[in-house]
$ cat start38.cif   # mmCIF, C-alpha atoms and all ligand atoms
data_target
#
loop_
_atom_site.label_atom_id
_atom_site.label_comp_id
_atom_site.auth_asym_id
_atom_site.auth_seq_id
_atom_site.Cartn_x
_atom_site.Cartn_y
_atom_site.Cartn_z
CA MET A 8 8.90 -75.42 -105.06
CA SER A 9 5.53 -74.77 -106.55
CA CYS A 10 4.13 -71.39 -107.21
CA LYS A 11 1.81 -71.87 -104.25
CA GLN A 12 4.68 -72.82 -101.99
CA ALA A 13 6.66 -69.80 -103.17
CA THR A 14 3.74 -67.57 -102.32
CA VAL A 15 3.48 -68.99 -98.76
CA LEU A 16 7.22 -68.60 -98.27
CA MET A 17 7.04 -64.99 -99.39
CA MET A 18 4.19 -64.31 -96.95
CA LEU A 19 6.17 -65.91 -94.11
CA ILE A 20 9.17 -63.76 -94.97
CA LEU A 21 6.96 -60.66 -94.96
CA LEU A 22 5.36 -61.63 -91.61
CA VAL A 23 8.73 -62.25 -89.98
CA GLY A 24 10.02 -58.97 -91.35
CA ALA A 25 6.97 -57.16 -90.05
CA ALA A 26 7.49 -58.81 -86.61
CA SER A 27 11.14 -57.72 -86.62
CA ILE A 28 10.12 -54.17 -87.41
CA ALA A 29 7.51 -54.30 -84.58
CA VAL A 30 10.19 -55.46 -82.04
CA THR A 31 12.72 -52.84 -82.99
CA SER A 32 10.11 -50.07 -82.71
CA ALA A 33 8.84 -51.12 -79.14
CA SER A 34 8.65 -48.35 -76.40
CA PRO A 35 12.04 -47.45 -74.93
CA LEU A 36 10.39 -46.18 -71.67
CA THR A 37 11.91 -47.66 -68.49
CA VAL A 38 11.78 -46.75 -64.78
CA ASN A 39 14.04 -47.88 -61.93
CA THR A 40 14.94 -46.91 -58.37
CA ASN A 41 18.54 -46.78 -57.21
CA LYS A 42 17.73 -49.11 -54.26
CA SER A 43 15.11 -51.71 -53.57
CA THR A 44 14.68 -50.69 -49.90
CA TYR A 45 14.92 -47.34 -48.16
CA ASN A 46 14.98 -46.04 -44.59
CA PRO A 47 13.37 -42.85 -43.31
CA GLY A 48 15.31 -39.74 -44.32
CA GLU A 49 16.88 -41.28 -47.42
CA THR A 50 16.43 -40.07 -51.02
CA ILE A 51 14.88 -42.20 -53.76
CA THR A 52 16.61 -41.66 -57.09
CA VAL A 53 14.25 -42.59 -59.91
CA THR A 54 16.02 -43.23 -63.21
CA GLY A 55 14.95 -44.46 -66.62
CA ILE A 56 15.00 -44.02 -70.34
CA ALA A 57 12.31 -42.40 -72.40
CA THR A 58 12.11 -41.20 -75.98
CA ALA A 59 14.62 -38.39 -76.47
CA SER A 60 13.20 -35.05 -75.30
CA ALA A 61 9.83 -36.66 -74.56
CA ASP A 62 7.54 -35.45 -71.76
CA VAL A 63 7.70 -37.83 -68.77
CA THR A 64 5.40 -38.06 -65.73
CA ILE A 65 6.53 -39.84 -62.55
CA GLN A 66 4.03 -40.87 -59.85
CA ILE A 67 4.73 -42.58 -56.53
CA TYR A 68 1.99 -44.57 -54.76
CA ASN A 69 2.15 -45.43 -51.06
CA PRO A 70 1.42 -48.91 -49.62
CA SER A 71 -2.28 -47.99 -49.42
CA GLY A 72 -2.37 -47.21 -53.15
CA SER A 73 -2.66 -43.45 -52.75
CA MET A 74 -0.59 -41.28 -55.04
CA ILE A 75 1.64 -39.17 -52.85
CA VAL A 76 4.12 -37.74 -55.40
CA ILE A 77 3.74 -36.55 -58.99
CA ASP A 78 6.39 -34.87 -61.13
CA TYR A 79 6.52 -33.73 -64.80
CA PHE A 80 9.67 -33.17 -66.81
CA THR A 81 11.24 -33.61 -70.23
CA ALA A 82 13.67 -36.41 -70.92
CA GLY A 83 17.14 -35.45 -72.04
CA ALA A 84 18.40 -35.50 -75.59
CA GLY A 85 19.61 -39.05 -75.08
CA GLY A 86 16.28 -40.07 -73.52
CA SER A 87 17.64 -40.78 -70.02
CA TYR A 88 16.28 -39.13 -66.89
CA SER A 89 17.07 -39.10 -63.16
CA LYS A 90 14.88 -37.56 -60.41
CA PRO A 91 15.41 -37.47 -56.63
CA PHE A 92 12.51 -37.78 -54.16
CA ALA A 93 13.13 -37.24 -50.44
CA ILE A 94 11.61 -39.57 -47.84
CA PRO A 95 10.59 -37.90 -44.53
CA SER A 96 12.97 -38.62 -41.68
CA THR A 97 10.11 -39.69 -39.44
CA ILE A 98 7.69 -42.41 -40.45
CA PRO A 99 4.75 -42.34 -40.38
CA THR A 100 4.43 -38.77 -41.60
CA GLY A 101 1.41 -37.65 -43.64
CA SER A 102 0.80 -40.26 -46.31
CA TRP A 103 4.16 -41.91 -45.74
CA SER A 104 4.19 -45.24 -43.91
CA TYR A 105 6.28 -48.39 -43.92
CA GLY A 106 5.56 -50.83 -46.78
CA THR A 107 5.88 -51.32 -50.51
CA TYR A 108 5.63 -48.32 -52.83
CA THR A 109 5.01 -48.23 -56.58
CA VAL A 110 6.83 -45.79 -58.90
CA ARG A 111 4.97 -45.27 -62.15
CA ALA A 112 6.35 -43.54 -65.26
CA PHE A 113 4.22 -42.27 -68.19
CA SER A 114 5.58 -41.09 -71.53
CA GLY A 115 4.30 -41.20 -75.09
CA GLY A 116 1.31 -43.31 -74.08
CA GLU A 117 3.53 -45.88 -72.39
CA THR A 118 3.32 -46.80 -68.70
CA VAL A 119 5.99 -48.69 -66.72
CA ASN A 120 6.24 -49.47 -63.00
CA ALA A 121 8.95 -50.08 -60.43
CA THR A 122 8.60 -50.85 -56.72
CA PHE A 123 10.60 -50.21 -53.59
CA THR A 124 10.16 -50.92 -49.88
CA LEU A 125 10.30 -48.31 -47.11
CA GLN A 126 11.33 -49.85 -43.79
CA ALA A 127 12.68 -48.69 -40.47
CA ALA A 128 16.41 -48.35 -40.10
CA ALA A 129 18.07 -51.15 -38.22
CA ASP A 130 17.84 -50.59 -34.42
CA THR A 131 21.29 -50.58 -32.85
CA THR A 132 20.31 -48.66 -29.71
CA ALA A 133 19.76 -50.61 -26.50
CA PRO A 134 16.76 -49.92 -24.28
CA VAL A 135 17.23 -47.50 -21.38
CA ILE A 136 16.32 -48.33 -17.76
CA SER A 137 14.99 -45.08 -16.34
CA SER A 138 14.25 -46.04 -12.73
CA VAL A 139 14.11 -48.90 -10.26
CA THR A 140 12.29 -49.34 -6.97
CA PRO A 141 13.12 -49.93 -4.23
CA VAL A 142 15.78 -47.38 -5.05
CA ALA A 143 19.31 -48.76 -5.07
CA ASP A 144 20.85 -48.94 -1.60
CA SER A 145 17.62 -47.81 0.03
CA THR A 146 15.96 -49.31 3.10
CA VAL A 147 12.39 -50.55 2.99
CA THR A 148 10.31 -51.32 6.03
CA THR A 149 8.00 -53.87 4.48
CA ALA A 150 8.85 -57.50 3.98
CA ARG A 151 7.19 -57.65 0.57
CA PRO A 152 8.26 -54.53 -1.27
CA THR A 153 7.04 -54.13 -4.83
CA ILE A 154 9.99 -54.21 -7.21
CA THR A 155 9.52 -52.05 -10.28
CA VAL A 156 11.80 -51.38 -13.24
CA SER A 157 10.84 -48.71 -15.77
CA TYR A 158 12.41 -48.60 -19.23
CA SER A 159 12.00 -47.45 -22.80
CA ASP A 160 13.43 -48.07 -26.25
CA ASN A 161 13.90 -45.95 -29.32
CA VAL A 162 11.95 -48.54 -31.31
CA ALA A 163 10.21 -51.21 -29.28
CA ILE A 164 10.76 -53.43 -26.24
CA ASN A 165 10.62 -57.19 -26.65
CA THR A 166 8.38 -57.94 -23.67
CA THR A 167 9.17 -61.64 -23.89
CA GLY A 168 12.88 -60.92 -23.47
CA ALA A 169 12.73 -59.55 -19.91
CA LYS A 170 14.33 -61.35 -16.99
CA LEU A 171 14.04 -60.50 -13.29
CA THR A 172 15.87 -62.27 -10.49
CA VAL A 173 15.78 -61.61 -6.75
CA ASP A 174 18.74 -62.93 -4.81
CA GLY A 175 19.53 -65.07 -7.84
CA ALA A 176 16.09 -66.66 -8.13
CA ASP A 177 14.36 -66.08 -11.46
CA VAL A 178 10.94 -64.56 -10.69
CA THR A 179 10.15 -63.38 -14.23
CA ALA A 180 7.20 -65.75 -14.49
CA SER A 181 5.58 -64.03 -11.47
CA ALA A 182 6.31 -60.53 -12.72
CA THR A 183 4.12 -58.27 -14.84
CA VAL A 184 6.08 -57.25 -17.92
CA THR A 185 4.85 -54.45 -20.17
CA ALA A 186 6.47 -52.38 -22.91
CA THR A 187 7.42 -49.75 -20.34
CA ALA A 188 7.86 -51.48 -16.99
CA THR A 189 8.27 -54.74 -15.15
CA GLN A 190 6.76 -55.13 -11.70
CA TYR A 191 7.01 -57.88 -9.11
CA THR A 192 5.77 -58.25 -5.55
CA PRO A 193 7.26 -61.12 -3.53
CA ALA A 194 4.70 -63.76 -2.64
CA ALA A 195 6.54 -64.47 0.62
CA ASP A 196 8.26 -62.22 3.13
CA LEU A 197 11.80 -61.26 2.30
CA SER A 198 14.23 -61.74 5.16
CA GLN A 199 15.60 -58.74 6.98
CA GLY A 200 18.84 -57.54 5.44
CA SER A 201 20.19 -56.90 1.96
CA HIS A 202 18.60 -58.24 -1.22
CA THR A 203 20.00 -58.12 -4.74
CA VAL A 204 17.86 -57.63 -7.84
CA TYR A 205 18.96 -58.30 -11.42
CA PHE A 206 16.93 -57.22 -14.42
CA GLU A 207 17.53 -57.39 -18.15
CA VAL A 208 15.41 -56.50 -21.14
CA LYS A 209 15.90 -56.40 -24.90
CA ASP A 210 14.44 -54.41 -27.74
CA THR A 211 12.88 -56.07 -30.73
CA ALA A 212 16.26 -55.93 -32.50
CA GLY A 213 17.92 -57.86 -29.69
CA ASN A 214 19.81 -54.98 -28.11
CA ALA A 215 19.96 -55.64 -24.36
CA VAL A 216 20.30 -53.61 -21.18
CA ASN A 217 20.57 -54.84 -17.60
CA ARG A 218 20.78 -53.45 -14.08
CA THR A 219 21.85 -54.99 -10.79
CA TRP A 220 21.06 -53.25 -7.52
CA ALA A 221 20.44 -53.97 -3.87
CA PHE A 222 18.13 -52.74 -1.14
CA THR A 223 17.76 -53.54 2.54
CA VAL A 224 14.69 -54.83 4.34
CA THR A 225 14.40 -53.55 7.89
CA ILE A 226 11.20 -54.39 9.72
CA ASP A 227 10.56 -51.58 12.16
CA THR A 228 8.64 -52.30 15.36
CA THR A 229 9.96 -49.35 17.36
CA ALA A 230 7.75 -46.31 17.74
CA PRO A 231 9.13 -42.80 17.22
CA ILE A 232 10.35 -40.77 20.20
CA ILE A 233 8.81 -37.37 20.92
CA SER A 234 10.83 -34.77 22.80
CA GLY A 235 11.26 -31.05 23.24
CA LEU A 236 7.65 -30.31 24.15
CA THR A 237 6.90 -26.62 23.70
CA PRO A 238 5.66 -24.95 25.87
CA ALA A 239 7.13 -27.31 28.44
CA ASN A 240 4.61 -29.41 30.29
CA GLU A 241 2.76 -27.58 33.09
CA THR A 242 4.40 -24.24 32.44
CA VAL A 243 2.66 -20.91 32.18
CA SER A 244 2.97 -18.49 29.32
CA PRO A 245 2.69 -14.76 30.08
CA SER A 246 1.38 -14.12 26.54
CA THR A 247 -1.64 -15.22 24.58
CA SER A 248 0.64 -15.73 21.56
CA VAL A 249 2.12 -19.15 22.13
CA SER A 250 4.57 -21.21 20.07
CA ILE A 251 3.58 -24.85 20.26
CA GLY A 252 5.66 -27.72 18.98
CA ALA A 253 7.85 -30.72 19.58
CA SER A 254 10.71 -32.69 18.08
CA TYR A 255 10.67 -36.35 17.16
CA SER A 256 12.90 -39.06 15.78
CA ASP A 257 12.68 -42.67 14.72
CA ASN A 258 15.06 -45.58 14.39
CA VAL A 259 14.14 -45.81 10.68
CA ALA A 260 12.09 -42.91 9.34
CA ILE A 261 9.22 -40.65 10.29
CA ASN A 262 6.12 -40.61 8.11
CA VAL A 263 5.80 -36.83 7.87
CA SER A 264 2.22 -37.00 6.63
CA SER A 265 1.22 -38.91 9.77
CA VAL A 266 1.85 -35.99 12.11
CA VAL A 267 -1.32 -34.91 13.94
CA LEU A 268 -1.17 -31.94 16.30
CA MET A 269 -4.20 -31.14 18.46
CA VAL A 270 -4.68 -28.09 20.65
CA ASP A 271 -7.51 -28.28 23.16
CA SER A 272 -8.76 -31.44 21.42
CA ALA A 273 -9.00 -29.81 17.97
CA ALA A 274 -6.62 -30.78 15.17
CA VAL A 275 -4.67 -27.78 13.88
CA ILE A 276 -2.69 -27.20 10.70
CA PRO A 277 0.92 -26.83 11.80
CA THR A 278 3.01 -23.92 10.59
CA THR A 279 5.78 -26.33 9.66
CA VAL A 280 6.08 -30.09 9.65
CA THR A 281 9.39 -31.77 8.90
CA ALA A 282 10.85 -35.22 9.40
CA THR A 283 12.19 -34.06 12.76
CA ALA A 284 9.83 -31.44 14.20
CA VAL A 285 6.43 -29.77 14.13
CA SER A 286 5.57 -26.20 15.09
CA TYR A 287 2.41 -24.15 15.38
CA SER A 288 1.75 -20.54 16.37
CA ALA A 289 -1.41 -20.16 18.44
CA THR A 290 -3.37 -17.28 19.92
CA LEU A 291 -5.04 -18.62 23.03
CA ALA A 292 -7.30 -17.40 25.80
CA GLU A 293 -6.14 -17.22 29.39
CA GLY A 294 -6.40 -20.47 31.24
CA THR A 295 -5.18 -24.03 30.90
CA HIS A 296 -4.63 -25.63 27.49
CA THR A 297 -3.83 -29.12 26.33
CA VAL A 298 -1.71 -30.28 23.42
CA SER A 299 -1.61 -33.74 21.89
CA LEU A 300 0.90 -34.83 19.27
CA THR A 301 0.80 -38.14 17.40
CA VAL A 302 3.51 -39.14 14.94
CA LYS A 303 4.10 -42.42 13.14
CA ASP A 304 7.11 -43.96 11.51
CA THR A 305 7.00 -45.33 7.98
CA SER A 306 5.97 -48.72 9.36
CA GLY A 307 2.97 -47.27 11.15
CA ASN A 308 4.34 -47.46 14.69
CA ALA A 309 2.79 -44.53 16.53
CA ALA A 310 3.90 -42.32 19.41
CA THR A 311 1.68 -39.84 21.24
CA SER A 312 2.57 -37.14 23.74
CA SER A 313 0.04 -35.01 25.58
CA TRP A 314 0.88 -32.05 27.75
CA THR A 315 -0.68 -29.02 29.34
CA PHE A 316 0.28 -25.43 29.83
CA ALA A 317 -1.46 -22.26 30.87
CA VAL A 318 -1.76 -18.74 29.54
CA ASP A 319 -1.71 -16.06 32.28
CA THR A 320 -1.39 -12.37 31.51
CA THR A 321 -2.95 -11.09 34.76
CA ALA A 322 -0.70 -9.96 37.60
CA PRO A 323 -1.37 -11.08 41.19
CA ALA A 324 -3.48 -8.89 43.50
CA ILE A 325 -2.00 -7.71 46.83
CA SER A 326 -4.36 -6.85 49.72
CA SER A 327 -4.71 -6.61 53.51
CA LEU A 328 -1.62 -4.50 54.11
CA VAL A 329 -0.53 -4.61 57.77
CA PRO A 330 0.20 -2.21 59.39
CA ALA A 331 -2.28 -0.30 57.30
CA ASN A 332 -0.80 2.40 55.16
CA GLY A 333 -0.32 5.66 57.08
CA THR A 334 -1.06 4.28 60.55
CA THR A 335 1.04 4.81 63.68
CA MET A 336 2.08 1.96 65.92
CA ASP A 337 2.68 2.55 69.66
CA SER A 338 5.09 -0.34 69.96
CA LYS A 339 8.45 -1.16 68.48
CA SER A 340 7.38 -4.78 68.03
CA VAL A 341 5.64 -4.74 64.70
CA THR A 342 4.30 -7.53 62.51
CA VAL A 343 4.26 -6.65 58.84
CA SER A 344 2.00 -8.74 56.64
CA ALA A 345 -0.01 -8.77 53.41
CA SER A 346 -2.20 -11.15 51.47
CA TYR A 347 -2.05 -11.89 47.78
CA SER A 348 -3.87 -13.98 45.19
CA ASP A 349 -3.66 -14.78 41.47
CA ASN A 350 -6.02 -15.96 38.77
CA MET A 351 -3.63 -18.88 38.14
CA ALA A 352 -0.94 -19.43 40.76
CA ILE A 353 1.51 -17.45 42.88
CA ASP A 354 5.22 -18.17 42.48
CA THR A 355 6.05 -18.18 46.21
CA ALA A 356 9.76 -18.20 45.42
CA SER A 357 9.33 -14.80 43.81
CA VAL A 358 8.07 -13.05 46.97
CA VAL A 359 10.36 -10.21 48.04
CA LEU A 360 9.58 -8.14 51.15
CA LYS A 361 11.62 -5.08 51.91
CA VAL A 362 11.41 -3.05 55.13
CA ASP A 363 13.07 0.31 54.87
CA ALA A 364 14.69 -0.81 51.60
CA ALA A 365 16.31 -3.84 53.20
CA THR A 366 15.20 -7.26 52.02
CA VAL A 367 13.99 -9.32 54.95
CA ALA A 368 13.20 -13.00 55.38
CA PRO A 369 9.47 -13.27 55.98
CA THR A 370 7.21 -16.28 56.34
CA VAL A 371 5.81 -16.87 52.87
CA THR A 372 2.75 -18.93 51.99
CA ALA A 373 0.76 -19.29 48.79
CA THR A 374 -1.67 -16.67 50.04
CA GLY A 375 0.39 -14.19 52.04
CA VAL A 376 3.55 -13.01 53.69
CA SER A 377 4.29 -12.15 57.35
CA TYR A 378 7.33 -10.65 59.09
CA SER A 379 7.87 -9.68 62.71
CA ALA A 380 10.35 -6.91 63.41
CA THR A 381 11.52 -4.60 66.15
CA LEU A 382 11.60 -1.13 64.78
CA GLU A 383 12.74 2.18 66.07
CA GLU A 384 10.38 5.10 66.38
CA GLY A 385 9.82 6.90 63.16
CA THR A 386 8.38 6.28 59.69
CA HIS A 387 8.95 2.94 58.04
CA THR A 388 8.42 1.86 54.46
CA VAL A 389 7.40 -1.64 53.36
CA GLN A 390 7.61 -2.89 49.78
CA LEU A 391 6.16 -6.24 48.69
CA THR A 392 6.81 -7.74 45.28
CA VAL A 393 5.13 -10.97 44.18
CA LYS A 394 4.94 -12.75 40.82
CA ASP A 395 2.63 -15.39 39.45
CA THR A 396 4.00 -18.51 37.75
CA ALA A 397 3.90 -16.71 34.39
CA GLY A 398 6.13 -13.96 35.73
CA ASN A 399 3.46 -11.26 35.90
CA THR A 400 4.55 -8.95 38.71
CA ALA A 401 2.62 -6.99 41.39
CA THR A 402 4.23 -4.53 43.82
CA SER A 403 2.75 -2.68 46.79
CA THR A 404 4.55 -0.05 48.84
CA TRP A 405 3.17 1.41 52.02
CA THR A 406 4.33 3.30 55.14
CA PHE A 407 3.54 3.40 58.83
CA SER A 408 5.05 5.02 61.93
CA VAL A 409 6.18 3.86 65.35
CA LYS A 410 5.66 6.34 68.17
CA LEU A 411 5.82 5.21 71.81
CA PRO A 412 3.51 6.84 74.46
CA PRO A 413 5.16 9.16 77.20
CA ASP A 414 6.89 7.35 80.18
CA TYR A 415 5.33 8.54 83.59
CA THR A 416 7.22 6.12 85.90
CA LEU A 417 9.76 8.68 87.12
CA TYR A 418 6.97 11.13 87.97
CA TYR A 419 5.23 8.42 89.96
CA ILE A 420 8.46 7.67 91.92
CA LEU A 421 9.14 11.35 92.63
CA ALA A 422 5.56 11.83 93.73
CA ALA A 423 5.84 8.83 96.05
CA VAL A 424 9.13 10.14 97.49
CA VAL A 425 7.56 13.57 98.05
CA ILE A 426 4.58 11.97 99.75
CA VAL A 427 6.89 9.88 101.98
CA ILE A 428 8.93 12.94 102.86
CA ILE A 429 5.77 14.87 103.68
CA ILE A 430 4.53 12.03 105.87
CA VAL A 431 7.88 11.70 107.64
CA ALA A 432 8.03 15.47 108.15
CA ALA A 433 4.51 15.50 109.49
CA VAL A 434 5.29 12.68 111.92
CA LEU A 435 8.44 14.45 113.19
CA LEU A 436 6.54 17.70 113.72
CA MET A 437 3.85 15.96 115.72
CA ARG A 438 6.45 14.34 118.04
CA ARG A 439 8.06 17.75 118.85
CA LYS A 440 4.75 19.04 119.97
CA CA A 501 16.47 -50.08 -29.53
CA CA A 502 10.42 -46.95 14.10
CA CA A 503 -1.84 -14.33 37.03
#

$ encode --input "start38.cif" --output "structure tokens"
Amino acid sequence: MSCKQATVLMMLILLVGAASIAVTSASPLTVNTNKSTYNPGETITVTGIATASADVTIQIYNPSGSMIVIDYFTAGAGGSYSKPFAIPSTIPTGSWSYGTYTVRAFSGGETVNATFTLQAAADTTAPVISSVTPVADSTVTTARPTITVSYSDNVAINTTGAKLTVDGADVTASATVTATATQYTPAADLSQGSHTVYFEVKDTAGNAVNRTWAFTVTIDTTAPIISGLTPANETVSPSTSVSIGASYSDNVAINVSSVVLMVDSAAVIPTTVTATAVSYSATLAEGTHTVSLTVKDTSGNAATSSWTFAVDTTAPAISSLVPANGTTMDSKSVTVSASYSDNMAIDTASVVLKVDAATVAPTVTATGVSYSATLEEGTHTVQLTVKDTAGNTATSTWTFSVKLPPDYTLYYILAAVVIVIIIVAAVLLMRRK
């Protein structure tokens, strides 16, 4: 080895030694996370090694590159450190979102990074079916009822995983499937009777839920039946306050909102409307009134009833009392009579005629009453009671007397006998002479 070679060798030895010194004095700073992926609500434990007792800064950057956490502390005597950072239980929250985060540590002019991923926890909860229509075991009155299933999931529905069958036929392709509901309307009439629907749906994790139910199709062509008309047809109310109403029924179901009640051709707002009856309280003028009620079933079949009634608060008027009140009759054969009238109509069956407090059987017409009697001399009392068809009552009471003229027949006979005797006596006297 020449002197020159020895010099080069020495320089190499020095360079290698210097390199070895440089390696052994490299930064000891490290940073790690205890897991590579986290779920919401978990805690990130950041660990590492720094120079003993050195100041350390930890920063965490979200997937958008924004720093969302910063922490300062001093490494332990051995240089190691460990720091917990809580992840919100609900993501997204604030600056927290799903994605890859960077943890950065600074100490003594050194910078080191670690990364972790924040992702949703595995979904093990099946979707929930909240409602179906037609409702299970219900009856529909249309041949093409819209079938709807509503549902939700704690994470997300897989809209391509839904399946809908009607009576075993898969109709999914004709249904509208969204993240919250699936809807299908038959393109052809369903037959009358029971139909079975099956539906299933999955969430994006593959958790499935299904429901099977049935409903019945009944096509209704029978109109409702109206009964119990109030006031009854062609009756008369004695009050201007009148309760109006009717009952109704249907072979399937009444459409309550279809009920239309009209009084004197004007629609009124009923006091109550139910699936079985309607009622209305009216204040009406005297006279005749008309009511019309229309009610439909849930298939639109309609029934209408119209009826009339009257309001009458005025009592009949009694007139033309015979014998006139206070008069004296000179015969025992007496005809008692009176006339009457009403603003609406007399109830002829209500007429009661009493003579001297005894009810008699007179001839009764719509306009008057007549009764022929043989009465003793003296004062007689007549009482007439008559009602109209609303029950309003009128009564008249009057009196008259019967007094026969004196009987002169006996005087006439005695006078005739006296005259005969006088004549006979006169004749006998003339013969003696
Ligand atoms: Ca789920
Ligand atoms: Ca019906
Ligand atoms: Ca009257």

$ residues_around --input "start38.cif" --residues "Asn258 in chain A" --least-positions-apart "3" --cutoff "8 Å" --atoms "all atoms listed in the file" --output "mmCIF file with C-alpha atoms, in the frame of the given file"
data_model
loop_
_atom_site.group_PDB
_atom_site.id
_atom_site.type_symbol
_atom_site.label_atom_id
_atom_site.label_comp_id
_atom_site.auth_asym_id
_atom_site.auth_seq_id
_atom_site.Cartn_x
_atom_site.Cartn_y
_atom_site.Cartn_z
ATOM 1 C CA ASP A 227 10.560 -51.580 12.160
ATOM 2 C CA THR A 229 9.960 -49.350 17.360
ATOM 3 C CA PRO A 231 9.130 -42.800 17.220
#

$ residues_around --input "start38.cif" --residues "range 56-70 of chain A" --least-positions-apart "6" --cutoff "6 Å" --atoms "all atoms listed in the file" --output "PyMOL selection string"
chain A and resi 35-37+76-87+106-114

$ atom_distance --input "start38.cif" --atom1 "CA of Ala282 in chain A" --atom2 "CA of Ala253 in chain A"
11.5 Å

$ closest_atom_pairs --input "start38.cif" --of "range 187-220 of chain A" --to "range 147-155 of chain A" --cutoff "7 Å" --atoms "only C-alpha atoms" --output "JSON lines"
{"residue": "A:Ala188", "atom": "CA", "partner": "A:Thr155", "partner_atom": "CA", "distance": 6.9}
{"residue": "A:Thr189", "atom": "CA", "partner": "A:Thr155", "partner_atom": "CA", "distance": 5.7}
{"residue": "A:Gln190", "atom": "CA", "partner": "A:Thr155", "partner_atom": "CA", "distance": 4.4}
{"residue": "A:Tyr191", "atom": "CA", "partner": "A:Ile154", "partner_atom": "CA", "distance": 5.1}
{"residue": "A:Thr192", "atom": "CA", "partner": "A:Thr153", "partner_atom": "CA", "distance": 4.4}
{"residue": "A:Pro193", "atom": "CA", "partner": "A:Arg151", "partner_atom": "CA", "distance": 5.4}
{"residue": "A:Ala195", "atom": "CA", "partner": "A:Arg151", "partner_atom": "CA", "distance": 6.9}
{"residue": "A:Asp196", "atom": "CA", "partner": "A:Ala150", "partner_atom": "CA", "distance": 4.8}
{"residue": "A:Leu197", "atom": "CA", "partner": "A:Ala150", "partner_atom": "CA", "distance": 5.1}
{"residue": "A:Ser198", "atom": "CA", "partner": "A:Ala150", "partner_atom": "CA", "distance": 7.0}

$ atom_distance --input "start38.cif" --atom1 "CA of Thr44 in chain A" --atom2 "CA of Pro134 in chain A"
25.7 Å
